[in-house]
Amino acid sequence: MSATDVGAALPRAKLEILPALAPVIVAAVAAPFIGSFSTFATLTLASLAMGMMIFTMASGLTLAFGMMDILNFGHGAFIALGAYVATVVILPLTAWADADSVGLNLAVFAAVLIGAAVVSGLLGYVFERVLIVPVYGQHLKQILITIGGSIVIEQLLYGLFGPAQIPISPPATFHGSFTFGEIAIEKYRALAFVVGFAVFLGQMLVLNRTRIGLLIRAGVENREMVEALGYRIDRLFVGVFMAGAALAGLGGAMWSFYRGQVQASMGGELLVTVFIVIIIGGLGSVGGCFVASILVALIANYAGFLVPKLALVSNILAMVVVLLWRPRGLYPVGGR
Amino acid sequence: MSETLTLQGVHTHIGRYHILQGVDFVAPAGRTTMLLGRNGAGKTTCLRTVMGLWRASQGAVRLGDKTLSSLAASEVARAGVAYVPETMAIFSDLSVKENLTLGAREGPIDDARLAWIFGFFPALKKFWLSRAGSLSGGQKQMVSIARAIIEPRRLLLIDEPTKGLAPAIIGNLIECLKEIKRGDVTILLVEQNFRVAREVGDLVRVMDNGRIIHEGEMAELAADQALQNRLLGLSLDSHQ
């Protein structure tokens, strides 16, 4: 057998469709129990919007963890900061937000998202340089210092904005619902889905069509080898961490409109869901994170409707089941 | 242009373990130097220390006039050093093309260079767009070596390229290494397989307990069974 012949025995790459179908399977299983089609459709479409927002918040964290094994328990602070920035940006633009103009409303929404992403991204830079760099490779210290950092940021937010919840609502165009027969889709949820899906497509484009994306994918799999090929992975990681923080801020802003209120503790509350999503998806896998976000949102909404008492633990149960099926998550990154 | 690699009194600690205990040797420019020794002698640590993946606690590593021992791995690589680790360390989720694209740090892959590589690794052409993780062990080794030489380098560090490969594939790999040798590159090659060492190596350095215990011509060691037994505790004949 020659070096060329060995290729004849090349195993066919498995088509990993089943994990991607997990949300479909969950929906199919839940549908008969829900009974009414319109209720099922409304719950499912709401879950897609919720899933996109969770994905936006979680995708940066999974890349950061995948590349540098950084356990960032402070990620929730970026989410909360993004939400507060939304309240700050929208305040002087209230007239535009309330105007009967789709263009002005969209401009306000875009300004809010950009503001939240930029401020959270900048905080992410400071957070990485000041808190993360000294504890590279030391997981216990990472947990302690990132939790400490998030507490400091949360308390600063309380100090700046007060302890009360701040009400916030999306621009006027996105109030109300579209109705198709008996199916109702909140306009804001439709917008959140579009934005979240655009974020996903953008990430896939960067990861699969650019050299930076190639380096990120390689770094997630084997950062040492990327270094040995002559690339400064620590610099790349700063960029990924900032982008992750920016996306968390963007997701936090979107979530604040979705919930209609902002409070400093929201980041910590969402962090549990975010961690569940990146574990289910496979650490470091953006595609896995996308599927897991939808899966978690579907299960949360179906459980909330069918068995409200189980709603709080439904995501943890989902994680247990997925990990029993695929111990490294839905789409594990090679070598991890 | 190839350069001479010089190690002077190199010590490396990994945690509380003192692995390299004053390594001194020269790998001359344009020659292939074999680094032999028993398991645990410190060969892989030596390569990783040269590459900057582990920091020398004492001593100096130089490539030509440039001191490598104070540099990070990425800077060592940019100084013209390529590394083929024992584990191959291919990016299994990336395609063969993407693996080699990462190796081509200076820009797009040079077509002539790629054609040269395809000449001795034709399987890579066949599986150019395949996911590297789906390749066989031999093909993964080809990807790892091809990634290291996709651009001309001054020094090539290769760690046990034949480990775990079938004998027929090893034969091909020997031919490939001989072809790579014809280029102007200094090679430091760790190898347990004496057939490979004898056929590919110009010079030999033998390590034991973190030190160099023998330096000479590879042909001399291959011809002296008593020396092999003394240095390596093994007869070369048993590894043909």
# chains A, B, ... in the order shown; residues from 1 in each chain; ligands from 1
call {"tool": "closest_atom_pairs", "arguments": {"of": "chain B", "to": "chain A", "cutoff": "10 Å", "atoms": "only C-alpha atoms", "output": "tab-separated table"}}
result
residue	atom	partner	partner_atom	distance
B:Arg48	CA	A:Ala228	CA	9.7
B:Met51	CA	A:Ala228	CA	7.2
B:Gly52	CA	A:Ala228	CA	8.2
B:Leu53	CA	A:Ala228	CA	7.6
B:Ala72	CA	A:Glu227	CA	8.4
B:Ala73	CA	A:Ala228	CA	5.3
B:Ser74	CA	A:Gly230	CA	3.8
B:Glu75	CA	A:Gly230	CA	6.2
B:Val76	CA	A:Gly230	CA	7.3
B:Ala77	CA	A:Gly230	CA	4.7
B:Arg78	CA	A:Gly230	CA	5.4
B:Ala79	CA	A:Gly230	CA	8.8
B:Gly80	CA	A:Gly230	CA	9.2
B:Val81	CA	A:Ala228	CA	8.7
B:Ala82	CA	A:Leu229	CA	7.1
B:Tyr83	CA	A:Ala228	CA	6.9
B:Val84	CA	A:Ala228	CA	9.4
B:Pro85	CA	A:Met225	CA	8.7
B:Met88	CA	A:Met225	CA	9.5
B:Ala89	CA	A:Met225	CA	6.6
B:Ile90	CA	A:Met225	CA	8.2
B:Phe91	CA	A:Ala218	CA	6.0
B:Ser92	CA	A:Gly334	CA	5.8
B:Asp93	CA	A:Gly334	CA	5.8
B:Leu94	CA	A:Ala218	CA	7.4
B:Glu98	CA	A:Leu214	CA	7.4
B:Asn99	CA	A:Ala218	CA	8.5
B:Thr101	CA	A:Arg211	CA	8.8
B:Leu102	CA	A:Leu229	CA	7.4
B:Gly103	CA	A:Leu229	CA	6.2
B:Ala104	CA	A:Leu229	CA	8.8
B:Arg105	CA	A:Gly230	CA	7.4
B:Phe120	CA	A:Ala3	CA	8.6
B:Phe121	CA	A:Ala3	CA	7.1
B:Pro122	CA	A:Thr4	CA	5.8
B:Ala123	CA	A:Thr4	CA	4.8
B:Leu124	CA	A:Thr4	CA	8.6
B:Lys125	CA	A:Thr4	CA	9.6
B:Lys126	CA	A:Gly7	CA	8.0
B:Phe127	CA	A:Gly7	CA	8.0
B:Ser130	CA	A:Ala13	CA	8.7
B:Arg131	CA	A:Ala13	CA	7.9
B:Gly133	CA	A:Gly334	CA	7.7
B:Ser134	CA	A:Ala13	CA	6.1
B:Leu135	CA	A:Leu10	CA	6.0
B:Ser136	CA	A:Leu10	CA	6.4
B:Gly137	CA	A:Val6	CA	9.4
B:Gly138	CA	A:Ala3	CA	7.5
B:Gln139	CA	A:Gly7	CA	7.6
B:Met142	CA	A:Ala3	CA	9.1
B:Arg147	CA	A:Leu229	CA	8.9
B:Ala148	CA	A:Leu229	CA	8.0
B:Ala166	CA	A:Met1	CA	9.5
B:Pro167	CA	A:Met1	CA	9.5
B:Ala168	CA	A:Met1	CA	6.1
B:Ile169	CA	A:Ala3	CA	5.8
B:Ile170	CA	A:Ala3	CA	8.9
B:Gly171	CA	A:Ser2	CA	8.5
B:Asn172	CA	A:Ala3	CA	6.1
B:Leu173	CA	A:Ala3	CA	8.1
call {"tool": "residues_around", "arguments": {"residues": "B:Gly15", "least_positions_apart": "2", "cutoff": "12 Å", "atoms": "only C-alpha atoms", "output": "list in words"}}
result
Thr12, His13, Tyr17, His18, Ile19, Trp54, Arg55 and Ser57 of chain B
call {"tool": "write_last_selection", "arguments": {"atoms": "C-alpha atoms", "output": "PDB file, in the first residue's frame"}}
result
ATOM      1  CA  THR B  12      14.024  23.119  31.283  1.00  0.00           C
ATOM      2  CA  HIS B  13      11.732  22.585  34.252  1.00  0.00           C
ATOM      3  CA  TYR B  17      10.463  18.196  37.320  1.00  0.00           C
ATOM      4  CA  HIS B  18      13.908  19.094  36.000  1.00  0.00           C
ATOM      5  CA  ILE B  19      13.745  17.594  32.495  1.00  0.00           C
ATOM      6  CA  TRP B  54       8.281  25.448  27.125  1.00  0.00           C
ATOM      7  CA  ARG B  55      10.607  28.128  28.414  1.00  0.00           C
ATOM      8  CA  SER B  57      14.963  28.069  32.758  1.00  0.00           C
TER       9      SER B  57
END
call {"tool": "residues_around", "arguments": {"residues": "A:Thr273", "least_positions_apart": "5", "cutoff": "10 Å", "atoms": "only C-alpha atoms", "output": "list in words"}}
result
Ile54, Met57, Ala58, Gly268, Ile278, Ile279, Ser293, Val296, Ala297, Asn315 and Ile316 of chain A
call {"tool": "write_last_selection", "arguments": {"atoms": "N, CA and C atoms", "output": "short mmCIF file (atom, residue, chain, number, x, y, z; two decimals), in the first residue's frame"}}
result
data_model
loop_
_atom_site.label_atom_id
_atom_site.label_comp_id
_atom_site.auth_asym_id
_atom_site.auth_seq_id
_atom_site.Cartn_x
_atom_site.Cartn_y
_atom_site.Cartn_z
N ILE A 54 -30.88 34.49 23.31
CA ILE A 54 -29.94 33.72 24.15
C ILE A 54 -28.67 33.42 23.35
N MET A 57 -26.34 36.30 23.25
CA MET A 57 -25.61 36.50 24.50
C MET A 57 -24.54 35.43 24.72
N ALA A 58 -24.81 34.21 24.24
CA ALA A 58 -23.95 33.07 24.59
C ALA A 58 -22.81 32.81 23.61
N GLY A 268 -26.79 38.11 35.93
CA GLY A 268 -26.51 36.90 36.71
C GLY A 268 -27.59 35.84 36.51
N ILE A 278 -24.16 26.83 26.29
CA ILE A 278 -22.85 26.55 25.69
C ILE A 278 -22.37 25.13 26.04
N ILE A 279 -22.84 24.61 27.16
CA ILE A 279 -22.48 23.22 27.49
C ILE A 279 -23.25 22.26 26.59
N SER A 293 -29.42 26.98 21.81
CA SER A 293 -30.23 28.14 22.23
C SER A 293 -31.69 27.92 21.89
N VAL A 296 -33.12 25.06 24.14
CA VAL A 296 -33.38 25.50 25.52
C VAL A 296 -34.61 26.40 25.57
N ALA A 297 -34.73 27.29 24.59
CA ALA A 297 -35.89 28.20 24.58
C ALA A 297 -37.18 27.42 24.36
N ASN A 315 -34.43 23.46 31.94
CA ASN A 315 -33.18 23.59 31.19
C ASN A 315 -32.09 22.68 31.74
N ILE A 316 -32.08 22.56 33.07
CA ILE A 316 -31.06 21.68 33.67
C ILE A 316 -31.36 20.22 33.31
#
call {"tool": "atom_distance", "arguments": {"atom1": "atom CA of A:Phe180", "atom2": "atom CA of A:Ala253"}}
result
28.0 Å
